[in-house]
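Enquirer: Provided herewith: my_file_2.pdb, PDB, C-alpha atoms.
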```
ATOM      1  CA  MET A   1      91.644  72.135  99.710
ATOM      2  CA  GLU A   2      92.790  71.167 103.196
ATOM      3  CA  ALA A   3      96.152  70.017 101.875
ATOM      4  CA  CYS A   4      96.880  73.555 100.689
ATOM      5  CA  GLY A   5      97.841  74.492 104.232
ATOM      6  CA  GLU A   6     100.653  71.948 104.510
ATOM      7  CA  GLU A   7     103.974  73.277 105.783
ATOM      8  CA  GLY A   8     106.258  74.509 103.031
ATOM      9  CA  GLN A   9     103.416  75.421 100.651
ATOM     10  CA  VAL A  10     102.382  78.604 102.420
ATOM     11  CA  LYS A  11     104.907  81.374 103.057
ATOM     12  CA  LEU A  12     104.499  84.896 104.367
ATOM     13  CA  LEU A  13     107.110  87.560 103.736
ATOM     14  CA  GLY A  14     106.821  90.159 106.458
ATOM     15  CA  SER A  15     107.782  91.503 109.841
ATOM     16  CA  THR A  16     106.322  90.656 113.232
ATOM     17  CA  ARG A  17     106.237  94.397 113.975
ATOM     18  CA  SER A  18     104.125  95.304 110.948
ATOM     19  CA  PRO A  19     100.404  95.974 111.491
ATOM     20  CA  PHE A  20      99.734  95.019 107.879
ATOM     21  CA  VAL A  21     101.452  91.676 108.354
ATOM     22  CA  ALA A  22      99.510  91.239 111.600
ATOM     23  CA  ARG A  23      96.281  91.309 109.596
ATOM     24  CA  VAL A  24      97.401  88.336 107.533
ATOM     25  CA  ARG A  25      98.712  86.455 110.555
ATOM     26  CA  ILE A  26      95.378  86.957 112.339
ATOM     27  CA  ALA A  27      93.508  85.462 109.380
ATOM     28  CA  LEU A  28      95.905  82.511 109.217
ATOM     29  CA  ALA A  29      95.606  81.943 112.967
ATOM     30  CA  LEU A  30      91.810  82.017 112.915
ATOM     31  CA  LYS A  31      91.726  79.578 110.018
ATOM     32  CA  GLY A  32      94.338  77.317 111.620
ATOM     33  CA  ILE A  33      96.650  77.421 108.607
ATOM     34  CA  ASP A  34     100.300  76.447 109.000
ATOM     35  CA  TYR A  35     102.775  78.725 107.251
ATOM     36  CA  GLU A  36     106.391  79.797 107.167
ATOM     37  CA  LEU A  37     107.037  83.391 108.224
ATOM     38  CA  ILE A  38     110.071  84.834 106.464
ATOM     39  CA  GLU A  39     111.191  87.914 108.386
ATOM     40  CA  GLU A  40     112.108  90.808 106.100
ATOM     41  CA  ASP A  41     114.599  93.598 106.830
ATOM     42  CA  LEU A  42     112.959  96.609 105.204
ATOM     43  CA  GLU A  43     116.252  98.490 105.263
ATOM     44  CA  SER A  44     117.740  95.766 103.086
ATOM     45  CA  LYS A  45     114.935  94.067 101.196
ATOM     46  CA  SER A  46     115.491  90.524 100.041
ATOM     47  CA  LEU A  47     115.601  89.523  96.398
ATOM     48  CA  LEU A  48     112.610  87.272  97.052
ATOM     49  CA  LEU A  49     110.554  90.265  98.238
ATOM     50  CA  LEU A  50     111.600  92.443  95.321
ATOM     51  CA  GLN A  51     110.776  89.689  92.852
ATOM     52  CA  SER A  52     107.507  88.785  94.558
ATOM     53  CA  ASN A  53     106.185  92.341  94.807
ATOM     54  CA  PRO A  54     107.973  94.352  92.092
ATOM     55  CA  VAL A  55     105.262  97.028  91.953
ATOM     56  CA  HIS A  56     105.250  98.240  95.589
ATOM     57  CA  LYS A  57     108.241  96.332  97.026
ATOM     58  CA  THR A  58     106.439  96.166 100.362
ATOM     59  CA  ILE A  59     105.248  93.588 102.882
ATOM     60  CA  PRO A  60     103.221  91.512 103.371
ATOM     61  CA  VAL A  61     103.601  89.105 100.475
ATOM     62  CA  PHE A  62     101.722  85.814 100.613
ATOM     63  CA  ILE A  63     103.081  82.864  98.651
ATOM     64  CA  HIS A  64     100.746  79.908  98.166
ATOM     65  CA  ASN A  65     101.959  76.971  96.091
ATOM     66  CA  GLY A  66     104.433  79.266  94.345
ATOM     67  CA  LYS A  67     101.864  81.962  93.512
ATOM     68  CA  THR A  68     102.097  85.376  95.126
ATOM     69  CA  VAL A  69      99.371  87.626  96.512
ATOM     70  CA  CYS A  70     100.121  91.173  97.732
ATOM     71  CA  GLU A  71      98.382  93.819  99.887
ATOM     72  CA  SER A  72      97.193  92.823 103.345
ATOM     73  CA  MET A  73      93.404  92.874 102.968
ATOM     74  CA  ILE A  74      93.529  91.327  99.509
ATOM     75  CA  ILE A  75      95.557  88.513 101.072
ATOM     76  CA  VAL A  76      93.016  88.133 103.895
ATOM     77  CA  GLN A  77      90.179  87.800 101.373
ATOM     78  CA  TYR A  78      92.233  85.328  99.347
ATOM     79  CA  ILE A  79      92.841  83.211 102.451
ATOM     80  CA  ASP A  80      89.125  83.149 103.226
ATOM     81  CA  GLU A  81      88.271  82.040  99.690
ATOM     82  CA  ALA A  82      91.147  79.559  99.251
ATOM     83  CA  TRP A  83      90.328  77.846 102.555
ATOM     84  CA  ASP A  84      86.573  78.327 102.367
ATOM     85  CA  THR A  85      85.869  75.001 104.059
ATOM     86  CA  ARG A  86      87.648  76.121 107.231
ATOM     87  CA  ALA A  87      85.774  78.090 109.856
ATOM     88  CA  PRO A  88      85.378  80.888 110.560
ATOM     89  CA  ASN A  89      84.137  82.593 107.423
ATOM     90  CA  LEU A  90      85.907  85.939 107.408
ATOM     91  CA  MET A  91      83.642  87.480 104.757
ATOM     92  CA  PRO A  92      79.852  87.532 104.894
ATOM     93  CA  LYS A  93      78.072  85.246 102.439
ATOM     94  CA  ASP A  94      75.450  87.837 101.533
ATOM     95  CA  PRO A  95      76.678  90.154  98.708
ATOM     96  CA  TYR A  96      75.290  93.280 100.387
ATOM     97  CA  ASP A  97      76.925  92.429 103.716
ATOM     98  CA  ARG A  98      80.221  91.803 101.882
ATOM     99  CA  ALA A  99      79.942  95.216 100.249
ATOM    100  CA  ILE A 100      79.346  96.874 103.630
ATOM    101  CA  ALA A 101      82.349  95.065 105.119
ATOM    102  CA  ARG A 102      84.561  96.204 102.239
ATOM    103  CA  PHE A 103      83.287  99.756 102.709
ATOM    104  CA  TRP A 104      84.472  99.786 106.326
ATOM    105  CA  VAL A 105      87.793  98.199 105.412
ATOM    106  CA  ALA A 106      88.322 101.024 102.915
ATOM    107  CA  PHE A 107      87.288 103.499 105.610
ATOM    108  CA  VAL A 108      89.973 102.152 107.940
ATOM    109  CA  ASP A 109      92.706 102.361 105.298
ATOM    110  CA  ASP A 110      91.667 105.590 103.570
ATOM    111  CA  LYS A 111      90.355 107.678 106.482
ATOM    112  CA  LEU A 112      91.384 106.330 109.886
ATOM    113  CA  LEU A 113      95.005 105.385 109.273
ATOM    114  CA  PRO A 114      96.017 108.709 107.641
ATOM    115  CA  SER A 115      94.488 110.624 110.552
ATOM    116  CA  LEU A 116      96.350 108.438 113.068
ATOM    117  CA  LEU A 117      99.609 109.021 111.201
ATOM    118  CA  GLY A 118      98.964 112.746 111.491
ATOM    119  CA  VAL A 119      98.518 112.455 115.259
ATOM    120  CA  LEU A 120     101.882 110.700 115.478
ATOM    121  CA  THR A 121     103.926 112.857 113.112
ATOM    122  CA  ARG A 122     102.442 116.370 113.337
ATOM    123  CA  GLN A 123     102.580 119.109 115.920
ATOM    124  CA  GLY A 124     100.554 122.171 116.824
ATOM    125  CA  GLU A 125      97.460 122.981 114.797
ATOM    126  CA  GLU A 126      98.126 120.231 112.254
ATOM    127  CA  GLN A 127      98.286 117.626 115.005
ATOM    128  CA  GLN A 128      95.125 118.971 116.610
ATOM    129  CA  LYS A 129      93.314 118.676 113.280
ATOM    130  CA  ALA A 130      94.512 115.082 112.970
ATOM    131  CA  VAL A 131      93.335 114.374 116.527
ATOM    132  CA  GLU A 132      89.865 115.731 115.751
ATOM    133  CA  GLU A 133      89.690 113.684 112.543
ATOM    134  CA  SER A 134      90.807 110.531 114.363
ATOM    135  CA  VAL A 135      88.249 110.961 117.149
ATOM    136  CA  THR A 136      85.510 111.548 114.573
ATOM    137  CA  ASN A 137      86.572 108.405 112.730
ATOM    138  CA  PHE A 138      86.489 106.351 115.920
ATOM    139  CA  PHE A 139      82.982 107.660 116.614
ATOM    140  CA  PHE A 140      81.955 106.436 113.158
ATOM    141  CA  LEU A 141      83.243 102.984 114.131
ATOM    142  CA  GLU A 142      81.423 103.175 117.461
ATOM    143  CA  ASP A 143      78.206 103.860 115.578
ATOM    144  CA  ALA A 144      78.965 101.045 113.136
ATOM    145  CA  LEU A 145      79.223  98.603 116.019
ATOM    146  CA  ARG A 146      75.945  99.869 117.391
ATOM    147  CA  THR A 147      73.918  99.864 114.193
ATOM    148  CA  SER A 148      74.849  99.228 110.595
ATOM    149  CA  CYS A 149      77.496  96.539 110.875
ATOM    150  CA  CYS A 150      76.248  94.047 113.373
ATOM    151  CA  SER A 151      73.315  95.363 115.424
ATOM    152  CA  GLY A 152      74.966  95.052 118.812
ATOM    153  CA  LYS A 153      76.951  91.892 118.053
ATOM    154  CA  PRO A 154      80.374  91.545 119.731
ATOM    155  CA  TYR A 155      82.372  91.996 116.508
ATOM    156  CA  PHE A 156      82.078  94.004 113.331
ATOM    157  CA  GLY A 157      81.712  90.631 111.643
ATOM    158  CA  GLY A 158      78.819  89.684 113.917
ATOM    159  CA  ASP A 159      79.198  86.810 116.362
ATOM    160  CA  GLU A 160      82.658  85.976 114.979
ATOM    161  CA  ILE A 161      85.661  88.001 113.867
ATOM    162  CA  GLY A 162      85.381  89.123 110.271
ATOM    163  CA  LEU A 163      86.996  91.297 107.627
ATOM    164  CA  VAL A 164      86.531  94.651 109.365
ATOM    165  CA  ASP A 165      87.733  93.294 112.712
ATOM    166  CA  ILE A 166      90.929  92.080 111.073
ATOM    167  CA  ALA A 167      91.513  95.354 109.215
ATOM    168  CA  LEU A 168      91.264  97.254 112.503
ATOM    169  CA  GLY A 169      92.716  94.570 114.724
ATOM    170  CA  GLY A 170      96.055  94.492 112.964
ATOM    171  CA  TRP A 171      96.458  98.118 114.067
ATOM    172  CA  LEU A 172      95.213  97.645 117.601
ATOM    173  CA  VAL A 173      98.642  97.757 119.252
ATOM    174  CA  TYR A 174      99.613 100.785 117.166
ATOM    175  CA  ILE A 175      96.447 102.651 118.142
ATOM    176  CA  LYS A 176      97.223 102.121 121.819
ATOM    177  CA  VAL A 177     100.904 103.041 121.453
ATOM    178  CA  ILE A 178     100.178 106.205 119.443
ATOM    179  CA  GLN A 179      98.048 107.421 122.350
ATOM    180  CA  LYS A 180     100.886 106.607 124.756
ATOM    181  CA  VAL A 181     103.649 108.214 122.672
ATOM    182  CA  THR A 182     101.698 111.428 122.098
ATOM    183  CA  ASN A 183      99.953 111.447 125.495
ATOM    184  CA  ILE A 184      96.681 112.081 123.665
ATOM    185  CA  VAL A 185      93.449 110.212 124.367
ATOM    186  CA  LEU A 186      91.740 109.300 121.113
ATOM    187  CA  ILE A 187      89.373 106.662 122.471
ATOM    188  CA  ASP A 188      87.384 107.777 125.501
ATOM    189  CA  GLN A 189      86.042 104.649 127.191
ATOM    190  CA  GLU A 190      82.952 106.452 128.508
ATOM    191  CA  LYS A 191      82.106 108.035 125.152
ATOM    192  CA  MET A 192      83.004 104.972 123.081
ATOM    193  CA  PRO A 193      82.013 102.012 125.279
ATOM    194  CA  LEU A 194      81.318  99.614 122.412
ATOM    195  CA  PHE A 195      84.582 100.291 120.604
ATOM    196  CA  SER A 196      86.549 100.153 123.869
ATOM    197  CA  ALA A 197      84.950  96.809 124.707
ATOM    198  CA  TRP A 198      85.680  95.570 121.178
ATOM    199  CA  MET A 199      89.376  96.463 121.540
ATOM    200  CA  ASP A 200      89.621  94.519 124.792
ATOM    201  CA  ARG A 201      87.650  91.560 123.435
ATOM    202  CA  PHE A 202      89.599  91.338 120.207
ATOM    203  CA  SER A 203      93.042  91.573 121.803
ATOM    204  CA  LYS A 204      92.222  88.680 124.160
ATOM    205  CA  THR A 205      90.867  86.333 121.478
ATOM    206  CA  ASP A 206      92.671  82.990 121.265
ATOM    207  CA  GLY A 207      95.011  82.955 118.296
ATOM    208  CA  VAL A 208      94.875  86.710 117.833
ATOM    209  CA  LYS A 209      96.870  87.702 120.900
ATOM    210  CA  ARG A 210      99.758  85.432 119.877
ATOM    211  CA  VAL A 211     100.296  87.183 116.538
ATOM    212  CA  LEU A 212      99.755  90.840 117.442
ATOM    213  CA  PRO A 213     102.926  92.977 117.320
ATOM    214  CA  ASP A 214     104.977  93.219 120.518
ATOM    215  CA  PRO A 215     103.865  96.462 122.255
ATOM    216  CA  ALA A 216     107.403  97.125 123.561
ATOM    217  CA  LYS A 217     108.881  96.943 120.062
ATOM    218  CA  VAL A 218     106.100  99.088 118.642
ATOM    219  CA  LEU A 219     106.647 101.649 121.414
ATOM    220  CA  GLN A 220     110.360 101.782 120.610
ATOM    221  CA  HIS A 221     109.637 102.133 116.890
ATOM    222  CA  LEU A 222     106.945 104.801 117.152
ATOM    223  CA  SER A 223     108.931 106.789 119.730
ATOM    224  CA  ALA A 224     111.765 106.950 117.210
ATOM    225  CA  VAL A 225     109.363 107.950 114.429
ATOM    226  CA  ARG A 226     107.831 110.656 116.614
ATOM    227  CA  ALA A 227     111.263 111.997 117.579
ATOM    228  CA  LYS A 228     112.395 112.011 113.953
ATOM    229  CA  PHE A 229     109.422 114.046 112.783
ATOM    230  CA  ALA A 230     109.648 116.401 115.781
ATOM    231  CA  SER A 231     113.284 117.074 114.937
ATOM    232  CA  SER A 232     112.435 117.627 111.298
ATOM    233  CA  LEU A 233     109.640 120.067 112.117
ATOM    234  CA  ALA A 234     111.857 121.943 114.571
ATOM    235  CA  GLY A 235     114.453 122.441 111.845
ATOM    236  CA  ASN A 236     112.008 124.113 109.456
TER     237      ASN A 236
END
```
Could you render the structure from this file as C-alpha cells?
Expert:
Amino acid sequence: MEACGEEGQVKLLGSTRSPFVARVRIALALKGIDYELIEEDLESKSLLLLQSNPVHKTIPVFIHNGKTVCESMIIVQYIDEAWDTRAPNLMPKDPYDRAIARFWVAFVDDKLLPSLLGVLTRQGEEQQKAVEESVTNFFFLEDALRTSCCSGKPYFGGDEIGLVDIALGGWLVYIKVIQKVTNIVLIDQEKMPLFSAWMDRFSKTDGVKRVLPDPAKVLQHLSAVRAKFASSLAGN
C-alpha cells in the first residue's frame, strides 16, 4: 500500500487557485503522499481532463495508477481508504461518526457554499438574504464545534483534522476574501469564538498552509467576479 504513493503513480489535475483542489491537496499533504500536480487552464481544458472527467469536465481529477476519481470530497475519502495505513485517519472509524461527518460535508456543499456565492454575486435585498443565510450557516458550524461533532475538541474531526475540516478548510481563503471584497462581516469573532479559533488553527497547521490558495490571487479573481456580476445586474 505504501508504494502506491510513489512519484509518477499519483497525479492531480487541478488549479492551485481552486478551493476544491485545495481540499484534495490538504488530504495528500496530511497523509504525506507524493503526487504530480498538473495545472489546468479552465478556459482551455486539456484533452486529459476531458477524457478523465467526461461527465462534468471539471477539476479536481485524481489519477491513481491509471484509474481516475472525480469530485473533491469523494477523492478525499478515496485517499483515506487507499492509504489507510498512513496517519491521520481522515474519516472516523465508527459508522455513526462517519455518517455525521458526511452530513456536515453535505451541509457545507449544499447550504453554506451557495449562500456564500450569493453574498459575492448579488446586490440589494438578494445579497442581504444571502448574508443572513451565510451567518446562520456559520452559527450552525459554531454549534457543531461546541456539541455534536467533537464536544469541544480543536477540530471538527476531533483531536486531528478530519473530513469536515477539509471540506471547510479548502474554502478558508475564499471565505476570508469574500468578506474583504464585499466589505461584509460574516464571521463575528465575539459571537463565533470557536469557529474563529478553528479558522486560525486550521490555516496555521503544518502542511495545510503550504497548499491553501494564494490569497492575493483569490482576491484578484473574486474582485473580477464581483465586478462582472455587478455590471451584469446594473445592465438589467
Enquirer: Enumerate, in order of chain and increasing residue number, the residues of stretch 56-144 of chain A with an atom no farther than 8 Å from stretch 185-191 of chain A, each with its shortest atom pair and distance in Å to one decimal, counting all atoms listed in the file, as CSV.
Expert:
```
residue,atom,partner,partner_atom,distance
A:Val131,CA,A:Leu186,CA,7.0
A:Ser134,CA,A:Leu186,CA,6.9
A:Val135,CA,A:Leu186,CA,5.5
A:Phe138,CA,A:Ile187,CA,7.2
```
Enquirer: Got a sec to check which residues sit within 6 Å of (91.8, 110.6, 112.2), counting all atoms listed in the file, and write them as a count of residues only?
Expert: 8
Enquirer: Name the residues that the PyMOL selection byres ((chain A and resi 50) around 12) picks from the file above, as an MDAnalysis selection string, using the file's chain letters and numbers.
Expert: chainID A and resid 13 40:42 44:49 51:61 68 70
Enquirer: Using only C-alpha atoms, which protein or nucleic acid residues come within 12 Å of stretch 75-92 of chain A? Drop anything in the same chain fewer than 6 positions from it, and give the result as a CSV table (one decimal) with C-alpha atoms, in the coordinates of the input.
Expert:
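What landed in out-v5.csv:
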```csv
chain,number,residue,atom,x,y,z
A,1,MET,CA,91.6,72.1,99.7
A,2,GLU,CA,92.8,71.2,103.2
A,3,ALA,CA,96.2,70.0,101.9
A,4,CYS,CA,96.9,73.6,100.7
A,5,GLY,CA,97.8,74.5,104.2
A,10,VAL,CA,102.4,78.6,102.4
A,11,LYS,CA,104.9,81.4,103.1
A,12,LEU,CA,104.5,84.9,104.4
A,13,LEU,CA,107.1,87.6,103.7
A,20,PHE,CA,99.7,95.0,107.9
A,21,VAL,CA,101.5,91.7,108.4
A,22,ALA,CA,99.5,91.2,111.6
A,23,ARG,CA,96.3,91.3,109.6
A,24,VAL,CA,97.4,88.3,107.5
A,25,ARG,CA,98.7,86.5,110.6
A,26,ILE,CA,95.4,87.0,112.3
A,27,ALA,CA,93.5,85.5,109.4
A,28,LEU,CA,95.9,82.5,109.2
A,29,ALA,CA,95.6,81.9,113.0
A,30,LEU,CA,91.8,82.0,112.9
A,31,LYS,CA,91.7,79.6,110.0
A,32,GLY,CA,94.3,77.3,111.6
A,33,ILE,CA,96.6,77.4,108.6
A,34,ASP,CA,100.3,76.4,109.0
A,35,TYR,CA,102.8,78.7,107.3
A,59,ILE,CA,105.2,93.6,102.9
A,60,PRO,CA,103.2,91.5,103.4
A,61,VAL,CA,103.6,89.1,100.5
A,62,PHE,CA,101.7,85.8,100.6
A,63,ILE,CA,103.1,82.9,98.7
A,64,HIS,CA,100.7,79.9,98.2
A,65,ASN,CA,102.0,77.0,96.1
A,67,LYS,CA,101.9,82.0,93.5
A,68,THR,CA,102.1,85.4,95.1
A,69,VAL,CA,99.4,87.6,96.5
A,98,ARG,CA,80.2,91.8,101.9
A,99,ALA,CA,79.9,95.2,100.2
A,100,ILE,CA,79.3,96.9,103.6
A,101,ALA,CA,82.3,95.1,105.1
A,102,ARG,CA,84.6,96.2,102.2
A,105,VAL,CA,87.8,98.2,105.4
A,149,CYS,CA,77.5,96.5,110.9
A,150,CYS,CA,76.2,94.0,113.4
A,155,TYR,CA,82.4,92.0,116.5
A,156,PHE,CA,82.1,94.0,113.3
A,157,GLY,CA,81.7,90.6,111.6
A,158,GLY,CA,78.8,89.7,113.9
A,159,ASP,CA,79.2,86.8,116.4
A,160,GLU,CA,82.7,86.0,115.0
A,161,ILE,CA,85.7,88.0,113.9
A,162,GLY,CA,85.4,89.1,110.3
A,163,LEU,CA,87.0,91.3,107.6
A,164,VAL,CA,86.5,94.7,109.4
A,165,ASP,CA,87.7,93.3,112.7
A,166,ILE,CA,90.9,92.1,111.1
A,167,ALA,CA,91.5,95.4,109.2
A,170,GLY,CA,96.1,94.5,113.0
```
Enquirer: If we count all atoms listed in the file and set the cut-off at 9 Å, which residues sit around stretch 181-184 of chain A, ignoring sequence neighbours fewer than 4 positions away in its own chain? Please answer as a ChimeraX atom specification.
Expert: /A:119-120,131,176-177,219,222-223,226
Enquirer: Go ahead and fit an axis-aligned box to every listed atom of stretch 46-61 of chain A plus 6 Å each side, and pass me the centre and edge lengths in Å, one decimal, as lines of an AutoDock Vina configuration file.
Expert:
```
center_x = 109.4
center_y = 92.8
center_z = 97.7
size_x = 24.4
size_y = 23.0
size_z = 23.4
```
Enquirer: Rounded to one decimal in Å, what is the spacing between atom CA of A:Glu126 and atom CA of A:Lys228?
Expert: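 Pair atom CA of A:Glu126 / atom CA of A:Lys228 returns 16.6 Å.
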Enquirer: Counting all atoms listed in the file, which residue out of A:Gly14, A:Val173, A:Arg201, A:Asp143 sits closest to A:Glu71?
Expert: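 Closest residue, counting all atoms listed in the file: A:Gly14.
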Enquirer: What's the separation between atom CA of A:Asp110 and atom CA of A:Leu168, in Å to one decimal place?
Expert: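 Computing the Euclidean distance for atom CA of A:Asp110 and atom CA of A:Leu168 yields 12.2 Å.
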Enquirer: So, counting all atoms listed in the file, which residue among A:Gly118, A:Glu36, A:Leu194, A:Val108 is closest to A:Thr147?
Expert: A:Leu194
Enquirer: Provide the atom CA of A:Ser72 to atom CA of A:Ala230 distance in Å, to one decimal place.
Expert: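 Answer for the atom CA of A:Ser72 to atom CA of A:Ala230 separation: 29.4 Å.
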Enquirer: Have a look at A:Lys111, A:Lys217, A:Lys204, A:Arg122 and name the one nearest to A:Arg17; count all atoms listed in the file.
Expert: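 Closest to A:Arg17 of all the choices is A:Lys217.
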Enquirer: Starting from the incomplete input, reconstruct N, CA and C atoms of stretch 157-180 of chain A and write that as a short mmCIF file (atom, residue, chain, number, x, y, z; two decimals), in the frame of the given file.
Expert:
```cif
data_model
loop_
_atom_site.label_atom_id
_atom_site.label_comp_id
_atom_site.auth_asym_id
_atom_site.auth_seq_id
_atom_site.Cartn_x
_atom_site.Cartn_y
_atom_site.Cartn_z
N GLY A 157 82.14 91.74 112.48
CA GLY A 157 81.71 90.63 111.64
C GLY A 157 80.50 89.90 112.18
N GLY A 158 79.98 90.34 113.32
CA GLY A 158 78.82 89.68 113.92
C GLY A 158 79.21 88.92 115.17
N ASP A 159 78.85 87.64 115.20
CA ASP A 159 79.20 86.81 116.36
C ASP A 159 80.65 86.35 116.32
N GLU A 160 81.26 86.39 115.14
CA GLU A 160 82.66 85.98 114.98
C GLU A 160 83.46 87.09 114.31
N ILE A 161 84.76 87.03 114.48
CA ILE A 161 85.66 88.00 113.87
C ILE A 161 85.56 87.91 112.35
N GLY A 162 85.49 89.07 111.72
CA GLY A 162 85.38 89.12 110.27
C GLY A 162 86.36 90.10 109.67
N LEU A 163 86.08 90.49 108.43
CA LEU A 163 87.00 91.30 107.63
C LEU A 163 87.32 92.63 108.28
N VAL A 164 86.31 93.33 108.77
CA VAL A 164 86.53 94.65 109.36
C VAL A 164 87.31 94.53 110.67
N ASP A 165 87.00 93.52 111.46
CA ASP A 165 87.73 93.29 112.71
C ASP A 165 89.22 93.10 112.44
N ILE A 166 89.53 92.35 111.39
CA ILE A 166 90.93 92.08 111.07
C ILE A 166 91.63 93.34 110.57
N ALA A 167 90.93 94.11 109.73
CA ALA A 167 91.51 95.35 109.22
C ALA A 167 91.90 96.29 110.36
N LEU A 168 91.01 96.41 111.34
CA LEU A 168 91.26 97.25 112.50
C LEU A 168 92.20 96.58 113.50
N GLY A 169 91.98 95.29 113.70
CA GLY A 169 92.72 94.57 114.72
C GLY A 169 94.21 94.51 114.50
N GLY A 170 94.62 94.48 113.25
CA GLY A 170 96.06 94.49 112.96
C GLY A 170 96.73 95.75 113.48
N TRP A 171 95.94 96.81 113.62
CA TRP A 171 96.46 98.12 114.07
C TRP A 171 96.20 98.38 115.54
N LEU A 172 95.64 97.42 116.22
CA LEU A 172 95.21 97.64 117.60
C LEU A 172 96.37 98.08 118.50
N VAL A 173 97.48 97.39 118.43
CA VAL A 173 98.64 97.76 119.25
C VAL A 173 99.13 99.15 118.89
N TYR A 174 99.15 99.47 117.61
CA TYR A 174 99.61 100.78 117.17
C TYR A 174 98.70 101.90 117.67
N ILE A 175 97.40 101.65 117.65
CA ILE A 175 96.45 102.65 118.14
C ILE A 175 96.73 102.96 119.61
N LYS A 176 96.94 101.93 120.39
CA LYS A 176 97.22 102.12 121.82
C LYS A 176 98.55 102.84 122.04
N VAL A 177 99.57 102.46 121.27
CA VAL A 177 100.90 103.04 121.45
C VAL A 177 100.94 104.49 120.98
N ILE A 178 100.23 104.82 119.91
CA ILE A 178 100.18 106.20 119.44
C ILE A 178 99.62 107.10 120.54
N GLN A 179 98.60 106.64 121.24
CA GLN A 179 98.05 107.42 122.35
C GLN A 179 99.09 107.60 123.46
N LYS A 180 99.87 106.55 123.70
CA LYS A 180 100.89 106.61 124.76
C LYS A 180 102.04 107.53 124.37
#
```
